[in-house]
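Student: Got a file for you: protein13.cif, mmCIF, C-alpha atoms.
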```cif
data_work
loop_
_atom_site.group_PDB
_atom_site.id
_atom_site.type_symbol
_atom_site.label_atom_id
_atom_site.label_comp_id
_atom_site.auth_asym_id
_atom_site.auth_seq_id
_atom_site.Cartn_x
_atom_site.Cartn_y
_atom_site.Cartn_z
ATOM 1 C CA MET A 1 0.000 0.000 0.000
ATOM 2 C CA THR A 2 2.898 2.318 0.816
ATOM 3 C CA GLU A 3 4.492 1.732 -2.581
ATOM 4 C CA TYR A 4 1.174 2.462 -4.273
ATOM 5 C CA SER A 5 0.819 5.711 -2.308
ATOM 6 C CA GLU A 6 4.318 6.791 -3.271
ATOM 7 C CA GLN A 7 3.548 6.078 -6.901
ATOM 8 C CA LEU A 8 0.413 8.211 -6.709
ATOM 9 C CA GLN A 9 2.397 11.012 -5.108
ATOM 10 C CA ARG A 10 5.037 10.863 -7.849
ATOM 11 C CA GLN A 11 2.352 10.989 -10.506
ATOM 12 C CA GLN A 12 0.752 13.965 -8.788
ATOM 13 C CA ARG A 13 4.110 15.774 -8.627
ATOM 14 C CA ASP A 14 4.718 15.016 -12.299
ATOM 15 C CA ARG A 15 1.311 16.462 -13.206
ATOM 16 C CA GLU A 16 1.975 19.576 -11.133
ATOM 17 C CA GLN A 17 5.412 20.075 -12.684
ATOM 18 C CA ARG A 18 3.972 19.641 -16.163
ATOM 19 C CA ALA A 19 1.220 22.160 -15.401
ATOM 20 C CA VAL A 20 3.801 24.670 -14.167
ATOM 21 C CA LEU A 21 5.932 24.124 -17.288
ATOM 22 C CA LEU A 22 2.977 24.577 -19.624
ATOM 23 C CA GLU A 23 1.958 27.753 -17.807
ATOM 24 C CA ARG A 24 5.478 29.140 -18.096
ATOM 25 C CA ILE A 25 5.503 28.352 -21.826
ATOM 26 C CA ARG A 26 2.157 30.109 -22.222
ATOM 27 C CA ILE A 27 3.358 33.193 -20.364
ATOM 28 C CA ALA A 28 6.624 33.218 -22.339
ATOM 29 C CA ARG A 29 4.622 33.138 -25.577
ATOM 30 C CA GLU A 30 2.460 36.018 -24.354
ATOM 31 C CA LEU A 31 5.547 38.026 -23.373
ATOM 32 C CA HIS A 32 7.056 37.437 -26.823
ATOM 33 C CA ASP A 33 3.947 38.623 -28.630
ATOM 34 C CA VAL A 34 3.453 41.674 -26.405
ATOM 35 C CA THR A 35 7.041 42.912 -26.476
ATOM 36 C CA ALA A 36 7.645 42.138 -30.162
ATOM 37 C CA HIS A 37 4.588 44.076 -31.313
ATOM 38 C CA HIS A 38 4.825 47.087 -29.027
ATOM 39 C CA LEU A 39 8.560 47.542 -29.537
ATOM 40 C CA SER A 40 8.142 47.234 -33.314
ATOM 41 C CA VAL A 41 5.477 49.943 -33.361
ATOM 42 C CA ILE A 42 7.589 52.172 -31.102
ATOM 43 C CA ALA A 43 10.647 51.690 -33.331
ATOM 44 C CA VAL A 44 8.692 52.548 -36.472
ATOM 45 C CA GLN A 45 7.063 55.604 -34.913
ATOM 46 C CA ALA A 46 10.389 56.825 -33.496
ATOM 47 C CA GLY A 47 11.993 56.547 -36.945
ATOM 48 C CA LEU A 48 9.056 58.415 -38.466
ATOM 49 C CA ALA A 49 9.164 61.182 -35.835
ATOM 50 C CA ARG A 50 12.885 61.674 -36.325
ATOM 51 C CA TYR A 51 12.561 61.867 -40.102
ATOM 52 C CA VAL A 52 9.790 64.512 -40.124
ATOM 53 C CA LEU A 53 10.707 66.361 -36.916
ATOM 54 C CA THR A 54 11.638 69.606 -38.688
ATOM 55 C CA THR A 55 9.592 69.285 -41.881
ATOM 56 C CA ASP A 56 6.253 68.060 -40.496
ATOM 57 C CA PRO A 57 5.906 68.793 -36.753
ATOM 58 C CA GLU A 58 2.254 67.664 -36.684
ATOM 59 C CA THR A 59 3.122 64.184 -37.937
ATOM 60 C CA ALA A 60 6.076 64.008 -35.558
ATOM 61 C CA ASP A 61 3.804 64.969 -32.659
ATOM 62 C CA GLN A 62 1.288 62.252 -33.625
ATOM 63 C CA ALA A 63 4.086 59.698 -33.784
ATOM 64 C CA LEU A 64 5.300 60.679 -30.309
ATOM 65 C CA ARG A 65 1.750 60.447 -28.953
ATOM 66 C CA THR A 66 1.465 56.954 -30.420
ATOM 67 C CA ILE A 67 4.774 55.983 -28.809
ATOM 68 C CA SER A 68 3.446 57.162 -25.442
ATOM 69 C CA GLU A 69 0.166 55.269 -25.836
ATOM 70 C CA VAL A 70 1.764 52.066 -27.099
ATOM 71 C CA GLY A 71 4.421 52.186 -24.382
ATOM 72 C CA SER A 72 1.824 52.578 -21.642
ATOM 73 C CA GLU A 73 -0.330 49.815 -23.108
ATOM 74 C CA GLY A 74 2.657 47.486 -23.392
ATOM 75 C CA LEU A 75 3.655 48.110 -19.765
ATOM 76 C CA ALA A 76 0.090 47.404 -18.626
ATOM 77 C CA GLU A 77 0.060 44.086 -20.499
ATOM 78 C CA LEU A 78 3.460 43.148 -19.099
ATOM 79 C CA ARG A 79 2.253 43.915 -15.556
ATOM 80 C CA ARG A 80 -0.772 41.718 -16.143
ATOM 81 C CA LEU A 81 1.403 38.836 -17.309
ATOM 82 C CA ILE A 82 3.986 39.234 -14.557
ATOM 83 C CA SER A 83 1.196 39.249 -11.970
ATOM 84 C CA LEU A 84 0.432 35.670 -13.036
ATOM 85 C CA LEU A 85 3.839 34.666 -11.692
ATOM 86 C CA ARG A 86 3.256 36.129 -8.238
ATOM 87 C CA PRO A 87 2.622 33.856 -5.264
ATOM 88 C CA ASP A 88 -1.067 33.263 -4.733
ATOM 89 C CA ASP A 89 -1.214 35.357 -1.587
ATOM 90 C CA ASP A 90 -3.485 38.213 -0.539
ATOM 91 C CA GLU A 91 -1.153 40.904 -1.862
ATOM 92 C CA GLY A 92 -0.784 39.175 -5.224
ATOM 93 C CA ALA A 93 -4.529 38.557 -5.484
ATOM 94 C CA ASP A 94 -5.260 42.243 -4.808
ATOM 95 C CA ALA A 95 -2.723 43.297 -7.438
ATOM 96 C CA ARG A 96 -4.259 41.022 -10.071
ATOM 97 C CA THR A 97 -7.683 42.568 -9.620
ATOM 98 C CA ASP A 98 -6.230 45.950 -10.665
ATOM 99 C CA GLU A 99 -4.730 44.653 -13.893
ATOM 100 C CA PRO A 100 -6.543 45.214 -17.214
ATOM 101 C CA PRO A 101 -8.283 42.232 -18.802
ATOM 102 C CA ALA A 102 -6.651 40.337 -21.640
ATOM 103 C CA PRO A 103 -7.224 41.994 -25.034
ATOM 104 C CA GLY A 104 -9.791 40.638 -27.456
ATOM 105 C CA ILE A 105 -11.633 41.338 -30.687
ATOM 106 C CA MET A 106 -12.961 44.696 -29.473
ATOM 107 C CA GLN A 107 -9.378 46.002 -29.384
ATOM 108 C CA LEU A 108 -8.578 44.990 -32.975
ATOM 109 C CA PRO A 109 -9.606 48.325 -34.574
ATOM 110 C CA VAL A 110 -7.143 50.255 -32.380
ATOM 111 C CA LEU A 111 -4.390 47.719 -33.079
ATOM 112 C CA ILE A 112 -4.908 47.976 -36.837
ATOM 113 C CA GLU A 113 -5.266 51.760 -36.789
ATOM 114 C CA ARG A 114 -1.873 52.113 -35.105
ATOM 115 C CA VAL A 115 -0.266 50.054 -37.835
ATOM 116 C CA GLY A 116 -1.849 52.441 -40.318
ATOM 117 C CA LEU A 117 -0.336 55.400 -38.485
ATOM 118 C CA SER A 118 3.055 53.714 -38.855
ATOM 119 C CA GLY A 119 2.870 54.147 -42.626
ATOM 120 C CA THR A 120 1.267 50.815 -43.488
ATOM 121 C CA PRO A 121 -2.129 51.472 -45.120
ATOM 122 C CA SER A 122 -4.558 49.142 -43.328
ATOM 123 C CA ARG A 123 -8.115 47.973 -43.843
ATOM 124 C CA TYR A 124 -10.277 46.063 -41.361
ATOM 125 C CA THR A 125 -13.395 44.184 -42.414
ATOM 126 C CA VAL A 126 -15.889 42.375 -40.155
ATOM 127 C CA ALA A 127 -18.438 40.088 -41.796
ATOM 128 C CA GLY A 128 -21.192 37.794 -40.577
ATOM 129 C CA ARG A 129 -23.394 37.768 -37.484
ATOM 130 C CA GLN A 130 -21.264 39.006 -34.595
ATOM 131 C CA ARG A 131 -21.702 37.174 -31.289
ATOM 132 C CA PRO A 132 -19.913 36.799 -27.945
ATOM 133 C CA LEU A 133 -16.909 34.471 -27.982
ATOM 134 C CA PRO A 134 -14.994 32.687 -25.212
ATOM 135 C CA ALA A 135 -12.199 34.842 -23.786
ATOM 136 C CA GLY A 136 -9.528 32.346 -24.865
ATOM 137 C CA ILE A 137 -10.758 32.383 -28.466
ATOM 138 C CA GLU A 138 -10.770 36.180 -28.506
ATOM 139 C CA LEU A 139 -7.237 36.360 -27.129
ATOM 140 C CA CYS A 140 -6.059 33.809 -29.702
ATOM 141 C CA VAL A 141 -7.528 35.863 -32.568
ATOM 142 C CA TYR A 142 -6.050 39.074 -31.170
ATOM 143 C CA ARG A 143 -2.550 37.627 -30.734
ATOM 144 C CA VAL A 144 -2.493 36.097 -34.213
ATOM 145 C CA VAL A 145 -3.515 39.430 -35.749
ATOM 146 C CA GLN A 146 -0.987 41.233 -33.559
ATOM 147 C CA GLU A 147 1.873 38.916 -34.508
ATOM 148 C CA SER A 148 0.933 39.079 -38.201
ATOM 149 C CA LEU A 149 0.929 42.881 -38.143
ATOM 150 C CA THR A 150 4.255 42.856 -36.311
ATOM 151 C CA ASN A 151 5.710 40.726 -39.099
ATOM 152 C CA VAL A 152 4.394 43.169 -41.697
ATOM 153 C CA LEU A 153 6.100 46.067 -39.901
ATOM 154 C CA LYS A 154 9.344 44.122 -39.630
ATOM 155 C CA HIS A 155 9.566 42.406 -42.989
ATOM 156 C CA ALA A 156 7.350 44.355 -45.409
ATOM 157 C CA PRO A 157 7.640 48.079 -44.624
ATOM 158 C CA GLY A 158 5.630 50.164 -47.047
ATOM 159 C CA SER A 159 3.143 47.427 -47.903
ATOM 160 C CA SER A 160 -0.591 47.617 -47.328
ATOM 161 C CA VAL A 161 -2.405 45.120 -45.116
ATOM 162 C CA ASP A 162 -5.961 43.806 -45.150
ATOM 163 C CA VAL A 163 -7.475 42.161 -42.049
ATOM 164 C CA ARG A 164 -10.785 40.343 -42.511
ATOM 165 C CA LEU A 165 -12.707 38.820 -39.591
ATOM 166 C CA THR A 166 -15.626 36.557 -40.503
ATOM 167 C CA TYR A 167 -18.205 35.052 -38.153
ATOM 168 C CA GLU A 168 -19.278 31.752 -39.696
ATOM 169 C CA PRO A 169 -21.959 29.378 -38.314
ATOM 170 C CA ASP A 170 -19.397 27.072 -36.708
ATOM 171 C CA HIS A 171 -16.095 28.987 -36.990
ATOM 172 C CA ILE A 172 -14.484 32.335 -36.430
ATOM 173 C CA ARG A 173 -12.055 33.089 -39.230
ATOM 174 C CA VAL A 174 -9.476 35.843 -39.588
ATOM 175 C CA VAL A 175 -7.264 36.473 -42.605
ATOM 176 C CA ILE A 176 -4.343 38.915 -42.559
ATOM 177 C CA ALA A 177 -2.903 39.626 -45.991
ATOM 178 C CA ASP A 178 -0.245 42.131 -46.993
ATOM 179 C CA SER A 179 0.793 43.356 -50.425
ATOM 180 C CA GLY A 180 4.491 42.599 -49.948
ATOM 181 C CA PRO A 181 7.503 44.835 -49.305
ATOM 182 C CA HIS A 182 7.076 46.592 -52.647
ATOM 183 C CA GLY A 183 3.393 47.393 -52.157
ATOM 184 C CA ILE A 184 1.689 50.749 -51.655
ATOM 185 C CA PRO A 185 4.152 53.453 -50.543
ATOM 186 C CA PHE A 186 3.531 55.614 -47.472
ATOM 187 C CA GLN A 187 0.476 57.792 -47.885
ATOM 188 C CA ARG A 188 0.369 59.808 -44.671
ATOM 189 C CA THR A 189 3.894 61.237 -45.061
ATOM 190 C CA SER A 190 6.674 61.369 -47.595
ATOM 191 C CA THR A 191 8.864 59.121 -45.448
ATOM 192 C CA PRO A 192 10.828 56.712 -47.678
ATOM 193 C CA ARG A 193 10.432 53.022 -46.924
ATOM 194 C CA THR A 194 14.123 52.715 -46.054
ATOM 195 C CA ALA A 195 13.738 55.065 -43.082
ATOM 196 C CA VAL A 196 11.288 52.764 -41.368
ATOM 197 C CA ALA A 197 12.984 49.597 -42.569
ATOM 198 C CA GLN A 198 16.154 50.692 -40.807
ATOM 199 C CA ALA A 199 14.218 51.230 -37.583
ATOM 200 C CA THR A 200 13.033 47.626 -37.588
ATOM 201 C CA ASP A 201 15.998 45.869 -39.148
ATOM 202 C CA HIS A 202 16.552 42.535 -37.434
ATOM 203 C CA SER A 203 16.871 38.851 -38.072
ATOM 204 C CA GLY A 204 14.007 36.654 -36.909
ATOM 205 C CA ALA A 205 13.949 32.984 -36.022
ATOM 206 C CA GLY A 206 10.329 32.253 -36.829
ATOM 207 C CA VAL A 207 9.307 32.149 -33.173
ATOM 208 C CA GLY A 208 6.160 34.135 -33.913
ATOM 209 C CA LEU A 209 4.865 31.680 -36.515
ATOM 210 C CA THR A 210 5.505 28.777 -34.160
ATOM 211 C CA GLY A 211 3.578 30.569 -31.428
ATOM 212 C CA MET A 212 0.636 31.185 -33.754
ATOM 213 C CA ARG A 213 0.504 27.510 -34.703
ATOM 214 C CA GLU A 214 0.586 26.507 -31.034
ATOM 215 C CA ARG A 215 -2.240 28.918 -30.232
ATOM 216 C CA ALA A 216 -4.364 27.544 -33.054
ATOM 217 C CA ALA A 217 -3.720 23.954 -31.963
ATOM 218 C CA LEU A 218 -4.725 24.813 -28.394
ATOM 219 C CA TYR A 219 -8.268 25.555 -29.608
ATOM 220 C CA ASN A 220 -8.371 22.819 -32.282
ATOM 221 C CA GLY A 221 -8.048 25.463 -34.952
ATOM 222 C CA GLU A 222 -6.316 25.595 -38.303
ATOM 223 C CA LEU A 223 -3.586 28.026 -39.259
ATOM 224 C CA SER A 224 -2.140 28.454 -42.723
ATOM 225 C CA VAL A 225 0.641 30.845 -43.718
ATOM 226 C CA GLY A 226 2.361 31.432 -47.011
ATOM 227 C CA ARG A 227 3.188 33.631 -49.942
ATOM 228 C CA LYS A 228 0.481 34.902 -52.254
ATOM 229 C CA PRO A 229 0.773 34.769 -56.044
ATOM 230 C CA ASP A 230 1.121 38.577 -56.143
ATOM 231 C CA GLY A 231 4.152 38.469 -53.842
ATOM 232 C CA GLY A 232 2.445 39.345 -50.571
ATOM 233 C CA PHE A 233 2.055 37.165 -47.488
ATOM 234 C CA GLU A 234 -1.133 35.754 -45.960
ATOM 235 C CA VAL A 235 -2.001 34.318 -42.560
ATOM 236 C CA SER A 236 -5.351 32.547 -42.151
ATOM 237 C CA LEU A 237 -6.738 31.323 -38.826
ATOM 238 C CA ALA A 238 -9.978 29.363 -38.338
ATOM 239 C CA LEU A 239 -11.189 28.412 -34.850
ATOM 240 C CA PRO A 240 -14.204 26.145 -34.249
ATOM 241 C CA LEU A 241 -17.202 27.498 -32.333
ATOM 242 C CA GLU A 242 -20.469 26.148 -31.047
ATOM 243 C CA PRO A 243 -22.670 25.952 -34.178
ATOM 244 C CA VAL A 244 -25.424 28.521 -34.693
ATOM 245 C CA GLU A 245 -28.048 28.951 -37.374
ATOM 246 C CA PRO A 246 -26.622 30.338 -40.640
ATOM 247 C CA VAL A 247 -27.395 34.003 -41.239
ATOM 248 C CA SER A 248 -30.003 34.964 -43.780
ATOM 249 C CA PRO A 249 -29.084 37.533 -46.449
ATOM 250 C CA GLY A 250 -30.872 40.258 -44.501
ATOM 251 C CA GLU A 251 -28.909 39.512 -41.336
ATOM 252 C CA TYR A 252 -25.501 39.421 -42.968
ATOM 253 C CA ALA A 253 -23.441 42.380 -41.787
ATOM 254 C CA GLU A 254 -20.205 43.661 -43.220
ATOM 255 C CA ILE A 255 -18.257 46.513 -41.686
ATOM 256 C CA HIS A 256 -15.259 48.125 -43.375
ATOM 257 C CA THR A 257 -12.608 50.538 -42.231
ATOM 258 C CA PRO A 258 -10.908 51.978 -45.330
ATOM 259 C CA LEU A 259 -7.218 51.914 -46.176
#
```
Before anything else, please render the file you have as C-alpha cells.
Tutor:
Amino acid sequence: MTEYSEQLQRQQRDREQRAVLLERIRIARELHDVTAHHLSVIAVQAGLARYVLTTDPETADQALRTISEVGSEGLAELRRLISLLRPDDDEGADARTDEPPAPGIMQLPVLIERVGLSGTPSRYTVAGRQRPLPAGIELCVYRVVQESLTNVLKHAPGSSVDVRLTYEPDHIRVVIADSGPHGIPFQRTSTPRTAVAQATDHSGAGVGLTGMRERAALYNGELSVGRKPDGGFEVSLALPLEPVEPVSPGEYAEIHTPL
C-alpha cells in the first residue's frame, strides 16, 4: 500500500510540474507577442518622428503620442502577465484585480489603426453575425492578428495590409494579408520606406509563426501561412465554435474601415 501511495504522489508531482511548465511556456509566448509588437510599433514611430521632426511637426507629434500610448499599453500588459507569476497570496490577489483584462476582438480596430499610423495602409473588415466568444478564443484571434501585423512592420515596410474577420456558423475566421515589401508606398507622409525599414531591421527565427501555430492547436483550430501569387504574405486562422443557425441575407453584416 505504501508503494502504491508513493507512486500516486510521484504521478501527482509530475502532473503539477507539467502544469507549471505549460503555464510558463504560455506566459513566455504572451511576453514574446506583447514585447515584439509594441517595440516594433515604437521603433517605427520613433523613426518616423525623427525623419519629419523639422519638416512636419504635426506628424512628428502624432508619432510621439502613439509611442506614449503604445508604451503605456505594453507596460500594462506586461504587468498583467507578470502578476500571473506572483505567489497566490493576498497581496498578489489584490494586485491582479487591478490589472486590465486580456485583449480581445474589441481592441482589434485600435491595433490595426496604429499600424496604419506607422505608414502601413490598413483595412479592417468584419463580416457575418457578430456574437460573444470565449475569452480564450478572442485572445487567440487578437494575438495572431498582432503577430501578423508585427511581421508586416518588420519584414514588409511600405506594404498595405488587409485584415478580414468573418463570423461563420461554426467557426471564427481571420485572414491577414499584406501586399508585400514593394506594395503601396507611405500615404500619410513622404517618409521613404528605407527610413522605417532601418528602424526595424533585425533577423528573426520564426518564433512568432511557431507561437501562432501553437495557439491555433490549443483551440483545435487551423492556421495556414504562405506567400500569395502577387508576392504578398497571408495568414489565415480558423477556430471552431459552437454551431449557430446560418445568417439569412438580410442579417448578414459587413463593416469596413478603409485603407
Student: Which of these residues is nearest to Val144 of chain A, using only C-alpha atoms: A:Arg15, A:Arg227, A:Arg215, A:Arg79?
Tutor: A:Arg215
Student: Atom CA of Gly47 of chain A to atom CA of Asp162 of chain A: how many Å, to one decimal?
Tutor: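 Atom CA of Gly47 of chain A sits 23.5 Å away from atom CA of Asp162 of chain A.
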Student: Please, which residues in segment 108-161 of chain A fall within 12 Å of segment 219-222 of chain A when counting all atoms listed in the file, and what is the closest atom pair and distance in Å to one decimal for each, ordered by chain then residue number, as a Markdown table?
Tutor:
```
| residue | atom | partner | partner_atom | distance |
| --- | --- | --- | --- | --- |
| A:Pro134 | CA | A:Tyr219 | CA | 10.7 |
| A:Ala135 | CA | A:Tyr219 | CA | 11.6 |
| A:Gly136 | CA | A:Tyr219 | CA | 8.4 |
| A:Ile137 | CA | A:Tyr219 | CA | 7.4 |
| A:Glu138 | CA | A:Tyr219 | CA | 11.0 |
| A:Leu139 | CA | A:Tyr219 | CA | 11.1 |
| A:Cys140 | CA | A:Tyr219 | CA | 8.5 |
| A:Val141 | CA | A:Gly221 | CA | 10.7 |
| A:Val144 | CA | A:Glu222 | CA | 11.9 |
```
Student: Any chance you could work out the axis-aligned box around segment 163-172 of chain A, listed atoms only, 8 Å on each side, giving centre and edge lengths in Å to one decimal, as lines of an AutoDock Vina configuration file?
Tutor:
```
center_x = -14.7
center_y = 34.6
center_z = -39.5
size_x = 30.5
size_y = 31.1
size_z = 22.1
```
Student: List the neighbours of Leu149 of chain A out to 10 Å using only C-alpha atoms; skip same-chain residues closer than 3 positions along the sequence, and give me the result as a CSV table (one decimal) with C-alpha atoms, in the coordinates of the input.
Tutor:
```csv
chain,number,residue,atom,x,y,z
A,37,HIS,CA,4.6,44.1,-31.3
A,40,SER,CA,8.1,47.2,-33.3
A,41,VAL,CA,5.5,49.9,-33.4
A,111,LEU,CA,-4.4,47.7,-33.1
A,112,ILE,CA,-4.9,48.0,-36.8
A,115,VAL,CA,-0.3,50.1,-37.8
A,120,THR,CA,1.3,50.8,-43.5
A,122,SER,CA,-4.6,49.1,-43.3
A,143,ARG,CA,-2.6,37.6,-30.7
A,144,VAL,CA,-2.5,36.1,-34.2
A,145,VAL,CA,-3.5,39.4,-35.7
A,146,GLN,CA,-1.0,41.2,-33.6
A,152,VAL,CA,4.4,43.2,-41.7
A,153,LEU,CA,6.1,46.1,-39.9
A,154,LYS,CA,9.3,44.1,-39.6
A,155,HIS,CA,9.6,42.4,-43.0
A,156,ALA,CA,7.4,44.4,-45.4
A,161,VAL,CA,-2.4,45.1,-45.1
A,162,ASP,CA,-6.0,43.8,-45.2
A,163,VAL,CA,-7.5,42.2,-42.0
A,176,ILE,CA,-4.3,38.9,-42.6
A,177,ALA,CA,-2.9,39.6,-46.0
A,178,ASP,CA,-0.2,42.1,-47.0
```
Student: Could you tell me how far atom CA of Ser118 of chain A sits from atom CA of Pro157 of chain A, in Å to one decimal place?
Tutor: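 Going from atom CA of Pro157 of chain A over to atom CA of Ser118 of chain A covers 9.3 Å.
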Student: As a check of understanding, name the residues that the PyMOL selection byres ((chain A and resi 100-104) around 8) selects in the supplied structure, as number ranges by chain.
Tutor: A: 76-77, 80, 98-99, 105-108, 135, 138-139, 141-142
Student: Applying 8 Å and only C-alpha atoms, which residues near Gly208 of chain A remain after dropping the ones on its own chain fewer than 4 positions away? List them as an MDAnalysis selection string.
Tutor: chainID A and resid 32:33 147 212
Student: In Å, with one decimal, what is the gap from atom CA of Asp170 of chain A to atom CA of Pro132 of chain A?
Tutor: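 Result for atom CA of Asp170 of chain A versus atom CA of Pro132 of chain A: 13.1 Å, one decimal.
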